[in-house]
Amino acid sequence: MEITWYGHSCFRITERGMASVVTDPFDHTVAGYSELSLRADIVTVSHDAPGHNFIKSVKGAKWNLDGPGEYEIGSVFLTAVAVGKNQAKGNGRNMVFIFDYDNVTVCHLGDLNDVPSRKEVDAFGNVDVLLVPVGGGTALAAAKAAEVVNLIEPGIVIPMHYDTPKSKLKLDPLNPFLKQMGLSDQVSVEESLKVTKRDIPEETSVVVLGFNH
C-alpha cells in the first residue's frame with residue numbers, strides 16, 4: 001500500500017489490484033496548495049466544507065462516500081463512523097473513515113475536534129496508520145492530537161491539517177505536535193509512505209509526508 005499526501009487533509013491511498021481512495025479533496029482556491037487533478041475509485045468526504053468536499057477534482061470515482069456505514073468496494077473494506085461535530089458547520093457531523101487494505105488499516109480522522117470516547121475508538125477497530133489533524137482551526141491542535149494518538153495507539157502516525165508555506169488557512173505549524181510526541185523539528189520528510197502489515201512497528205512512530213505538488 002502507498003499513501004501520498006496532497007496537502008491539508010487530502011491523501012491518495014493505492015494498492016495494486018485494489019480500489020484506490022482519495023480522502024477530503026479540497027478546493028485549492030480555499031485551502032491553497034496546487035490544484036488537484038487526481039484519479040481514484042472512491043472519494044471520501046469527512047464533512048461538507050470546501051476544504052474537504054471538492055469531489056469534482058477527482059476523476060473516475062464511482063463512489064462518493066460522506067455518511068456512516070460499512071462498505072466493501074474493490075477488495076477494500078471501509079467503515080465510516082460519525083464522531084464529534086464540525087465547528088465550522090455548527091452541528092454538522094464529522095466522519096471518520098477506516099480503510100482495510102489486506103489487513104493494513106488506515107484511519108482518517110477528518111476534522112475531528114475533540115478527544116473521542118472509548119466507545120467511539122472501539123468502533124474504529126485496530127488502527128495501523130492514523131491520519132490525524134494537528135494544526136487546530138476547526139480540528140485538533142497539538143496537545144489534543146497527541147492525546148488522541150495515545151488513545152488509539154496506532155503503529156504509524158501521519159500528521160495532516162497544519163500550516164505549510166502553501167496553505168491559505170489559519171492553522172498552527174507542525175512543530176508543536178512533534179514536540180508533544182517527543183520529537184525534534186528536524187524530522188525527515190518522506191515523499192510517500194509505502195507499507196505492508198509486517199512494516200507496522202509495535203511502538204507508535206511518526207512519519208511526516210511532504211505534500212505532493
# chains A, B, ... in the order shown; residues from 1 in each chain; ligands from 1
>>> closest_atom_pairs(of="segment 29-107 of chain A", to="segment 124-137 of chain A", cutoff="8 Å", atoms="only C-alpha atoms", output="tab-separated table")
residue	atom	partner	partner_atom	distance
A:Thr79	CA	A:Phe124	CA	7.8
A:Val81	CA	A:Phe124	CA	7.6
A:Ile98	CA	A:Phe124	CA	6.6
A:Val104	CA	A:Asp128	CA	6.2
A:Thr105	CA	A:Asp128	CA	5.2
A:Val106	CA	A:Val129	CA	4.7
A:Cys107	CA	A:Leu130	CA	4.9
>>> write_last_selection(atoms="C-alpha atoms", output="short mmCIF file (atom, residue, chain, number, x, y, z; two decimals), in the first residue's frame")
data_model
loop_
_atom_site.label_atom_id
_atom_site.label_comp_id
_atom_site.auth_asym_id
_atom_site.auth_seq_id
_atom_site.Cartn_x
_atom_site.Cartn_y
_atom_site.Cartn_z
CA THR A 79 -16.03 1.70 7.81
CA VAL A 81 -18.17 6.43 11.83
CA ILE A 98 -11.26 3.41 8.31
CA VAL A 104 -3.47 -2.97 6.90
CA THR A 105 -5.92 -0.47 8.41
CA VAL A 106 -5.73 3.27 7.75
CA CYS A 107 -7.87 5.65 9.82
#
>>> select_by_dssp(residues="segment 122-197 of chain A", states="strand (DSSP E or B)", output="PyMOL selection string")
chain A and resi 129-133+156-160+167+189-190+193-194
>>> write_last_selection(atoms="N, CA and C atoms", output="PDB file, in the first residue's frame")
ATOM      1  N   VAL A 129      -2.324   2.688  10.676  1.00  0.00           N
ATOM      2  CA  VAL A 129      -1.847   4.007  10.241  1.00  0.00           C
ATOM      3  C   VAL A 129      -2.930   5.028  10.546  1.00  0.00           C
ATOM      4  N   LEU A 130      -2.575   6.055  11.313  1.00  0.00           N
ATOM      5  CA  LEU A 130      -3.537   7.081  11.714  1.00  0.00           C
ATOM      6  C   LEU A 130      -3.198   8.403  11.030  1.00  0.00           C
ATOM      7  N   LEU A 131      -4.169   8.952  10.297  1.00  0.00           N
ATOM      8  CA  LEU A 131      -4.042  10.258   9.657  1.00  0.00           C
ATOM      9  C   LEU A 131      -4.761  11.255  10.549  1.00  0.00           C
ATOM     10  N   VAL A 132      -3.996  12.112  11.235  1.00  0.00           N
ATOM     11  CA  VAL A 132      -4.559  12.910  12.327  1.00  0.00           C
ATOM     12  C   VAL A 132      -4.336  14.404  12.103  1.00  0.00           C
ATOM     13  N   PRO A 133      -5.409  15.219  12.262  1.00  0.00           N
ATOM     14  CA  PRO A 133      -5.223  16.670  12.176  1.00  0.00           C
ATOM     15  C   PRO A 133      -4.479  17.166  13.414  1.00  0.00           C
ATOM     16  N   ILE A 156       1.670   3.685  13.128  1.00  0.00           N
ATOM     17  CA  ILE A 156       2.257   4.827  12.417  1.00  0.00           C
ATOM     18  C   ILE A 156       1.275   5.988  12.465  1.00  0.00           C
ATOM     19  N   VAL A 157       1.799   7.187  12.717  1.00  0.00           N
ATOM     20  CA  VAL A 157       1.007   8.408  12.711  1.00  0.00           C
ATOM     21  C   VAL A 157       1.488   9.309  11.580  1.00  0.00           C
ATOM     22  N   ILE A 158       0.559   9.772  10.753  1.00  0.00           N
ATOM     23  CA  ILE A 158       0.877  10.756   9.720  1.00  0.00           C
ATOM     24  C   ILE A 158       0.087  12.019  10.039  1.00  0.00           C
ATOM     25  N   PRO A 159       0.762  13.122  10.411  1.00  0.00           N
ATOM     26  CA  PRO A 159       0.043  14.364  10.691  1.00  0.00           C
ATOM     27  C   PRO A 159      -0.478  15.023   9.425  1.00  0.00           C
ATOM     28  N   MET A 160      -1.605  15.730   9.569  1.00  0.00           N
ATOM     29  CA  MET A 160      -2.217  16.456   8.453  1.00  0.00           C
ATOM     30  C   MET A 160      -2.868  17.720   9.005  1.00  0.00           C
ATOM     31  N   SER A 167      -0.276  26.592   2.428  1.00  0.00           N
ATOM     32  CA  SER A 167      -1.622  26.646   2.992  1.00  0.00           C
ATOM     33  C   SER A 167      -2.124  28.081   3.076  1.00  0.00           C
ATOM     34  N   VAL A 189      11.471  14.179   5.966  1.00  0.00           N
ATOM     35  CA  VAL A 189      10.194  14.276   5.270  1.00  0.00           C
ATOM     36  C   VAL A 189      10.195  13.272   4.113  1.00  0.00           C
ATOM     37  N   GLU A 190       9.182  12.426   4.073  1.00  0.00           N
ATOM     38  CA  GLU A 190       9.092  11.372   3.063  1.00  0.00           C
ATOM     39  C   GLU A 190       8.154  11.803   1.933  1.00  0.00           C
ATOM     40  N   LEU A 193       4.349   7.142   1.890  1.00  0.00           N
ATOM     41  CA  LEU A 193       4.550   6.007   2.782  1.00  0.00           C
ATOM     42  C   LEU A 193       4.147   4.736   2.043  1.00  0.00           C
ATOM     43  N   LYS A 194       5.097   3.841   1.888  1.00  0.00           N
ATOM     44  CA  LYS A 194       4.812   2.515   1.344  1.00  0.00           C
ATOM     45  C   LYS A 194       4.920   1.523   2.494  1.00  0.00           C
TER      46      LYS A 194
END
>>> atom_distance(atom1="atom CA of Leu36 of chain A", atom2="atom CA of Lys59 of chain A")
10.1 Å
>>> atom_distance(atom1="atom CA of Thr44 of chain A", atom2="atom CA of Thr23 of chain A")
4.9 Å
>>> residues_around(residues="Phe211 of chain A", least_positions_apart="5", cutoff="12 Å", atoms="only C-alpha atoms", output="number ranges by chain")
A: 3-12, 32-34, 36, 158-167, 189-193
>>> atom_distance(atom1="atom CA of Leu174 of chain A", atom2="atom CA of Val21 of chain A")
24.8 Å
>>> residues_around(residues="segment 109-122 of chain A", least_positions_apart="6", cutoff="6 Å", atoms="only C-alpha atoms", output="ChimeraX atom specification")
/A:46,96,132,139-140,148
>>> closest_residue(among="A:Leu178, A:Leu183, A:Val195, A:Ala31", to="Glu15 of chain A", atoms="only C-alpha atoms")
A:Val195
>>> decode(residues="segment 129-149 of chain A", atoms="N, CA and C atoms", output="mmCIF file, in the first residue's frame")
data_model
loop_
_atom_site.group_PDB
_atom_site.id
_atom_site.type_symbol
_atom_site.label_atom_id
_atom_site.label_comp_id
_atom_site.auth_asym_id
_atom_site.auth_seq_id
_atom_site.Cartn_x
_atom_site.Cartn_y
_atom_site.Cartn_z
ATOM 1 N N VAL A 129 -2.324 2.688 10.676
ATOM 2 C CA VAL A 129 -1.847 4.007 10.241
ATOM 3 C C VAL A 129 -2.930 5.028 10.546
ATOM 4 N N LEU A 130 -2.575 6.055 11.313
ATOM 5 C CA LEU A 130 -3.537 7.081 11.714
ATOM 6 C C LEU A 130 -3.198 8.403 11.030
ATOM 7 N N LEU A 131 -4.169 8.952 10.297
ATOM 8 C CA LEU A 131 -4.042 10.258 9.657
ATOM 9 C C LEU A 131 -4.761 11.255 10.549
ATOM 10 N N VAL A 132 -3.996 12.112 11.235
ATOM 11 C CA VAL A 132 -4.559 12.910 12.327
ATOM 12 C C VAL A 132 -4.336 14.404 12.103
ATOM 13 N N PRO A 133 -5.409 15.219 12.262
ATOM 14 C CA PRO A 133 -5.223 16.670 12.176
ATOM 15 C C PRO A 133 -4.479 17.166 13.414
ATOM 16 N N VAL A 134 -3.536 18.102 13.216
ATOM 17 C CA VAL A 134 -2.709 18.556 14.341
ATOM 18 C C VAL A 134 -2.601 20.075 14.429
ATOM 19 N N GLY A 135 -3.186 20.804 13.469
ATOM 20 C CA GLY A 135 -2.942 22.232 13.363
ATOM 21 C C GLY A 135 -4.031 23.139 13.883
ATOM 22 N N GLY A 136 -5.014 22.584 14.594
ATOM 23 C CA GLY A 136 -6.054 23.431 15.160
ATOM 24 C C GLY A 136 -7.047 23.911 14.126
ATOM 25 N N GLY A 137 -7.422 25.177 14.192
ATOM 26 C CA GLY A 137 -8.510 25.664 13.351
ATOM 27 C C GLY A 137 -9.805 25.047 13.843
ATOM 28 N N THR A 138 -10.525 24.348 12.973
ATOM 29 C CA THR A 138 -11.746 23.652 13.378
ATOM 30 C C THR A 138 -11.477 22.213 13.808
ATOM 31 N N ALA A 139 -10.207 21.818 13.849
ATOM 32 C CA ALA A 139 -9.847 20.436 14.182
ATOM 33 C C ALA A 139 -8.865 20.412 15.355
ATOM 34 N N LEU A 140 -8.349 19.238 15.657
ATOM 35 C CA LEU A 140 -7.449 19.053 16.791
ATOM 36 C C LEU A 140 -6.190 19.911 16.672
ATOM 37 N N ALA A 141 -5.794 20.517 17.775
ATOM 38 C CA ALA A 141 -4.487 21.146 17.874
ATOM 39 C C ALA A 141 -3.523 20.144 18.514
ATOM 40 N N ALA A 142 -2.264 20.556 18.688
ATOM 41 C CA ALA A 142 -1.185 19.619 19.010
ATOM 42 C C ALA A 142 -1.446 18.765 20.247
ATOM 43 N N ALA A 143 -1.804 19.393 21.365
ATOM 44 C CA ALA A 143 -1.925 18.639 22.611
ATOM 45 C C ALA A 143 -3.029 17.591 22.535
ATOM 46 N N LYS A 144 -4.208 17.978 22.025
ATOM 47 C CA LYS A 144 -5.300 17.009 21.915
ATOM 48 C C LYS A 144 -4.997 15.953 20.863
ATOM 49 N N ALA A 145 -4.295 16.341 19.788
ATOM 50 C CA ALA A 145 -3.921 15.362 18.770
ATOM 51 C C ALA A 145 -3.032 14.280 19.378
ATOM 52 N N ALA A 146 -2.079 14.691 20.212
ATOM 53 C CA ALA A 146 -1.208 13.714 20.870
ATOM 54 C C ALA A 146 -2.004 12.824 21.815
ATOM 55 N N GLU A 147 -2.995 13.407 22.492
ATOM 56 C CA GLU A 147 -3.852 12.629 23.380
ATOM 57 C C GLU A 147 -4.645 11.579 22.596
ATOM 58 N N VAL A 148 -5.143 11.969 21.420
ATOM 59 C CA VAL A 148 -5.885 11.039 20.571
ATOM 60 C C VAL A 148 -4.977 9.913 20.077
ATOM 61 N N VAL A 149 -3.753 10.249 19.714
ATOM 62 C CA VAL A 149 -2.792 9.225 19.288
ATOM 63 C C VAL A 149 -2.581 8.210 20.411
#
